[in-house]
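> Input: one structure, supplied below.
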Amino acid sequence: MRLSLRLRVALILVFLVSGTAVADELFEINTSVRALGMGNAYLGVADNADALFYNPAGLARVSGFNWTIADVKVGLNGTEVLQTVNDIQGSATFEDTVRAMYGDHVWVGGGGKSAFTMPYFGAAIYNHLDASVDVNNPVYPNLDISVVNDYGYALGGAIPILPTVHLGTVIKYIKRTGSRVPFGATYIGSLDPNNIQSEVEREGIGYSMDLGMNVAIPGPVAPVLSFVWKDVGMTTFKPGVATLAAPPRQLDEMSIGAAVKIDAAIASITPAFDFKYLNRADVQLGKKLHFGVEIGLPVVDIRAGFSEGYYSLGAGVNLGIIRVDAASYGVELGEYPGQREDRRYIVQFTLELGFDPSLGIFGGGSGSGGKSGSGSGSGGGGPRLKRRR
């Protein structure tokens with residue numbers, strides 16, 4: 001039986017092939033490349049459009065009016081992706097397609113958004129893709145597939161309840177296509193694409209809510225302590241008109257974080273720490289830890305950190321309304337850090353306009369990197385080429 005065009009495209013875009021279940025990888029789809037370079041420790045740092053996906057309380061620290069016209073990212077886990085795609089395209093049948101992937105290890109990701117933020121408010125439209133395939137051929141072969149594409153809208157706000165305490169919330173409308181399921185030896189033995197296609201083509205609509213809180217401790221450097229509860233009460237999806245089954249539900253996640261911004265003469269230093277999945281006893285401790293640091297210079301940001309036991313590196317270049325960020329980071333595919341790493345590489349291009357309260361253009365908006373002027377959380381500064389995030 002020949003592979004359908006939609007499933008073939010999914011498998012070509014898809015990523016990740018090896019010998020453990022996809023379920024062991026912690027699923028997170030709406031990520032920031034800046035955050036990934038910092039070990040994905042970002043709850044206390046986000047004070048721009050990324051706050052809609054990391055910590056809505058960060059909207060209270062947005063400065064000025066900011067329009068993210070386009071924010072596009074794409075990533076993969078090495079040049080072997082191209083060879084695997086070539087093998088898949090050359091497979092005449094579904095059986096050939098699966099067999100061509102035995103032993104491969106491929107990851108690809110991407111997405112984009114457009115957003116508007118101002119102090120205490122943010123809104124975005126986004127489309128993000130996360131997909132993976134895990135094929136192995138031991139005594140009990142498995143075909144683990146994860147193809148998830150989210151198209152949605154996010155609307156968030158924050159309020160100060162005390163001078164140093166901010167609360168925030170964001171509500172998302174999500175149209176999700178795909179699923180994350182393992183196929184055991186029975187499916188591998190029959191190699192029937194219809195069973196797999198029915199899972200890949202699941203479609204549903206859901207509504208989610210995230211809550212966040214930031215506490216700024218008074219002092220010379222004023223560290224920020226954060227608490228975030230994502231997908232409050234769990235996010236479920238209702239099946240679409242064309243499908244009988246909806247995508248699986250999204251479990252809720254509780255996390256705490258801490259960050260501080262230290263301004264020096266020609267640079268700023270931002271260390272951060274996150275402890276995620278507080279409410280998940282099934283997640284091993286080492287996979288919950290994230291910490292990193294960003295050094296902001298006038299045009300370039302340099303980042304480093306650790307996430308799930310693996311190092312991460314990142315950099316950003318800010319050219320006014322245009323920003324480019326890149327990162328390399330590791331993801332644990334097994335049950336605990338050090339079992340099986342997937343090293344990934346991702347780049348992000350952002351086109352953003354920022355306006356101060358008098359509507360003077362100051363370039364890259366509150367989301368820009370670098371060490372020009374005061375930080376976006378301080379509310380200072382006037383027109384400039386760019387502002388530090």
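Identifiers in this document derive from the order of the structure tokens: chains are assigned A, B, ..., residues are numbered from 1 separately in each chain, and ligands are numbered from 1 in order of occurrence.
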Could you give me, as CSV, every stretch 270-356 of chain A residue with an atom at most 10 Å from stretch 109-128 of chain A, plus its closest atom pair and distance in Å to one decimal, counting only C-alpha atoms, rows ordered by chain then number?


residue,atom,partner,partner_atom,distance
A:Arg344,CA,A:Gly109,CA,9.5
A:Tyr345,CA,A:Gly109,CA,9.5
A:Ile346,CA,A:Gly109,CA,8.0
A:Val347,CA,A:Gly110,CA,9.2
A:Gln348,CA,A:Gly112,CA,9.0
A:Phe349,CA,A:Gly112,CA,9.3
A:Thr350,CA,A:Gly112,CA,9.3
A:Leu351,CA,A:Ser114,CA,9.3
A:Glu352,CA,A:Ala115,CA,9.2
A:Leu353,CA,A:Phe116,CA,9.7
A:Gly354,CA,A:Thr117,CA,9.4
A:Phe355,CA,A:Met118,CA,9.5
A:Asp356,CA,A:Met118,CA,9.9

> Leaving out A:Asp150 and any residue of its chain fewer than 6 positions from it, which residues lie within 10 Å of it when counting only C-alpha atoms, given as a ChimeraX atom specification?

/A:29-30,111,126-130,173-178,203-205

> I need the residues from that last selection saved to file as a PDB file, in the first residue's frame (with C-alpha atoms), if you can.


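Below is the file selection34.pdb, written as the result:
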ATOM      1  CA  ILE A  29       5.785  23.108  21.940  1.00  0.00           C
ATOM      2  CA  ASN A  30       5.696  26.915  22.435  1.00  0.00           C
ATOM      3  CA  GLY A 111       6.731  27.735  14.061  1.00  0.00           C
ATOM      4  CA  TYR A 126       0.681  31.580  16.386  1.00  0.00           C
ATOM      5  CA  ASN A 127       1.305  28.319  14.554  1.00  0.00           C
ATOM      6  CA  HIS A 128       3.816  25.866  16.047  1.00  0.00           C
ATOM      7  CA  LEU A 129       4.819  22.361  14.966  1.00  0.00           C
ATOM      8  CA  ASP A 130       6.419  19.597  17.008  1.00  0.00           C
ATOM      9  CA  TYR A 173      -7.738  29.012  21.713  1.00  0.00           C
ATOM     10  CA  ILE A 174      -5.952  26.010  20.206  1.00  0.00           C
ATOM     11  CA  LYS A 175      -6.726  24.081  17.052  1.00  0.00           C
ATOM     12  CA  ARG A 176      -4.513  21.011  17.368  1.00  0.00           C
ATOM     13  CA  THR A 177      -3.780  18.474  14.648  1.00  0.00           C
ATOM     14  CA  GLY A 178      -1.961  15.231  15.347  1.00  0.00           C
ATOM     15  CA  GLU A 203      -7.938  17.093  14.962  1.00  0.00           C
ATOM     16  CA  GLY A 204      -9.547  18.962  17.808  1.00  0.00           C
ATOM     17  CA  ILE A 205     -10.231  22.343  19.367  1.00  0.00           C
TER      18      ILE A 205
END

> Which residues are near stretch 311-317 of chain A? Cut-off 7 Å, only C-alpha atoms, ignore same chain within fewer than 6 positions. Put them as a compact mmCIF listing (two decimals) with N, CA and C atoms, in the first residue's frame.


# COMPACT_ATOMS: atom_id res chain seq x y z
N GLY A 37 18.53 28.79 24.67
CA GLY A 37 19.94 29.04 24.84
C GLY A 37 20.35 29.21 26.29
N MET A 38 19.37 29.56 27.15
CA MET A 38 19.60 29.74 28.58
C MET A 38 19.17 28.51 29.37
N GLY A 39 19.15 27.37 28.75
CA GLY A 39 18.71 26.16 29.45
C GLY A 39 17.22 26.11 29.68
N VAL A 299 25.23 44.93 20.97
CA VAL A 299 24.60 44.38 19.77
C VAL A 299 24.37 42.88 19.89
N VAL A 300 25.17 42.21 20.69
CA VAL A 300 25.14 40.75 20.76
C VAL A 300 24.80 40.28 22.17
N ASP A 301 23.99 39.24 22.26
CA ASP A 301 23.74 38.54 23.52
C ASP A 301 24.40 37.17 23.46
N ILE A 302 25.02 36.76 24.56
CA ILE A 302 25.64 35.43 24.66
C ILE A 302 24.95 34.67 25.78
N ARG A 303 24.59 33.41 25.53
CA ARG A 303 23.81 32.64 26.49
C ARG A 303 24.40 31.25 26.70
N ALA A 304 24.17 30.70 27.89
CA ALA A 304 24.60 29.34 28.19
C ALA A 304 23.74 28.82 29.33
N GLY A 305 23.67 27.50 29.47
CA GLY A 305 22.87 26.93 30.54
C GLY A 305 22.88 25.43 30.53
N ARG A 323 15.96 40.95 14.51
CA ARG A 323 16.72 40.21 15.50
C ARG A 323 16.88 38.77 15.05
N VAL A 324 18.05 38.20 15.27
CA VAL A 324 18.32 36.80 14.95
C VAL A 324 18.85 36.13 16.21
N ASP A 325 18.23 35.01 16.59
CA ASP A 325 18.65 34.23 17.75
C ASP A 325 18.89 32.79 17.31
N ALA A 326 19.89 32.16 17.92
CA ALA A 326 20.20 30.77 17.62
C ALA A 326 20.57 30.05 18.91
N ALA A 327 20.34 28.74 18.94
CA ALA A 327 20.65 27.96 20.14
C ALA A 327 20.93 26.52 19.78
N SER A 328 21.75 25.89 20.61
CA SER A 328 21.96 24.46 20.59
C SER A 328 21.67 23.94 21.99
N TYR A 329 20.85 22.89 22.09
CA TYR A 329 20.44 22.40 23.40
C TYR A 329 20.18 20.90 23.33
N GLY A 330 20.20 20.26 24.48
CA GLY A 330 19.98 18.82 24.54
C GLY A 330 18.64 18.49 25.16
N GLY A 369 17.27 42.24 22.27
CA GLY A 369 18.40 41.90 23.11
C GLY A 369 19.42 43.00 23.13

> So which one's closest to A:Ser268, A:Ala41, A:Leu297, A:Ala35, A:Leu333? Using only C-alpha atoms, please.

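Result for the nearest residue to A:Ser268: A:Leu297.
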
> Taking only C-alpha atoms into account, which of A:Arg340, A:Lys287, A:Lys276, A:His166 comes nearest A:Tyr42?

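With only C-alpha atoms as the atom set, the closest residue is A:Lys276.
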
> For A:Ala258, list every protein, DNA or RNA residue within 9 Å, evaluated using only C-alpha atoms, and leave out those in the same chain fewer than 2 positions away; present the list as a list in words.

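Returned residues: Ala41, Tyr42, Leu43, Gly44, Val45, Pro223, Val224, Leu225, Ser226, Ile256, Val260, Pro271, Ala272, Phe273 and Asp274 of chain A.
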
> Residues as selected, N, CA and C atoms, written as an mmCIF file, in the first residue's frame, can you do that?


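Below is the file that was written, selection_31.cif:
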data_model
loop_
_atom_site.group_PDB
_atom_site.id
_atom_site.type_symbol
_atom_site.label_atom_id
_atom_site.label_comp_id
_atom_site.auth_asym_id
_atom_site.auth_seq_id
_atom_site.Cartn_x
_atom_site.Cartn_y
_atom_site.Cartn_z
ATOM 1 N N ALA A 41 15.462 28.210 31.147
ATOM 2 C CA ALA A 41 15.133 28.826 32.437
ATOM 3 C C ALA A 41 14.685 30.254 32.157
ATOM 4 N N TYR A 42 13.374 30.482 32.155
ATOM 5 C CA TYR A 42 12.868 31.713 31.555
ATOM 6 C C TYR A 42 11.651 32.302 32.277
ATOM 7 N N LEU A 43 11.154 31.633 33.306
ATOM 8 C CA LEU A 43 9.918 32.095 33.949
ATOM 9 C C LEU A 43 10.067 33.491 34.526
ATOM 10 N N GLY A 44 11.205 33.774 35.154
ATOM 11 C CA GLY A 44 11.418 35.082 35.746
ATOM 12 C C GLY A 44 12.044 36.096 34.818
ATOM 13 N N VAL A 45 12.329 35.688 33.583
ATOM 14 C CA VAL A 45 12.981 36.561 32.610
ATOM 15 C C VAL A 45 11.974 37.159 31.628
ATOM 16 N N PRO A 223 15.843 40.643 42.637
ATOM 17 C CA PRO A 223 15.542 39.365 41.982
ATOM 18 C C PRO A 223 14.045 39.123 41.875
ATOM 19 N N VAL A 224 13.652 38.366 40.870
ATOM 20 C CA VAL A 224 12.249 38.051 40.617
ATOM 21 C C VAL A 224 12.014 36.572 40.890
ATOM 22 N N LEU A 225 11.057 36.261 41.756
ATOM 23 C CA LEU A 225 10.638 34.896 42.021
ATOM 24 C C LEU A 225 9.319 34.652 41.306
ATOM 25 N N SER A 226 9.175 33.486 40.670
ATOM 26 C CA SER A 226 8.014 33.228 39.815
ATOM 27 C C SER A 226 7.354 31.903 40.160
ATOM 28 N N ILE A 256 8.296 26.684 39.316
ATOM 29 C CA ILE A 256 8.769 27.864 40.019
ATOM 30 C C ILE A 256 10.078 28.305 39.379
ATOM 31 N N VAL A 260 17.417 37.318 37.933
ATOM 32 C CA VAL A 260 17.848 38.649 38.333
ATOM 33 C C VAL A 260 18.580 39.285 37.159
ATOM 34 N N PRO A 271 21.225 35.891 35.239
ATOM 35 C CA PRO A 271 21.140 34.467 35.598
ATOM 36 C C PRO A 271 19.703 34.086 35.921
ATOM 37 N N ALA A 272 19.348 32.820 35.663
ATOM 38 C CA ALA A 272 17.977 32.363 35.895
ATOM 39 C C ALA A 272 17.974 30.885 36.259
ATOM 40 N N PHE A 273 16.952 30.482 37.021
ATOM 41 C CA PHE A 273 16.782 29.092 37.433
ATOM 42 C C PHE A 273 15.302 28.749 37.427
ATOM 43 N N ASP A 274 14.942 27.600 36.845
ATOM 44 C CA ASP A 274 13.568 27.100 36.854
ATOM 45 C C ASP A 274 13.540 25.679 37.376
#

> Give me every strand (DSSP E or B) residue in stretch 283-372 of chain A, going by DSSP on the backbone, as a VMD selection string.

chain A and resid 289 to 296 300 to 307 310 to 319 322 to 332 341 to 355 361 to 363

> Quick one: residues within 12 Å of A:Lys288, only C-alpha atoms counted, chain neighbours fewer than 3 positions away excluded, as number ranges by chain?

A: 25-26, 39-41, 253-257, 273-285, 291, 306-310, 331-332, 335-337
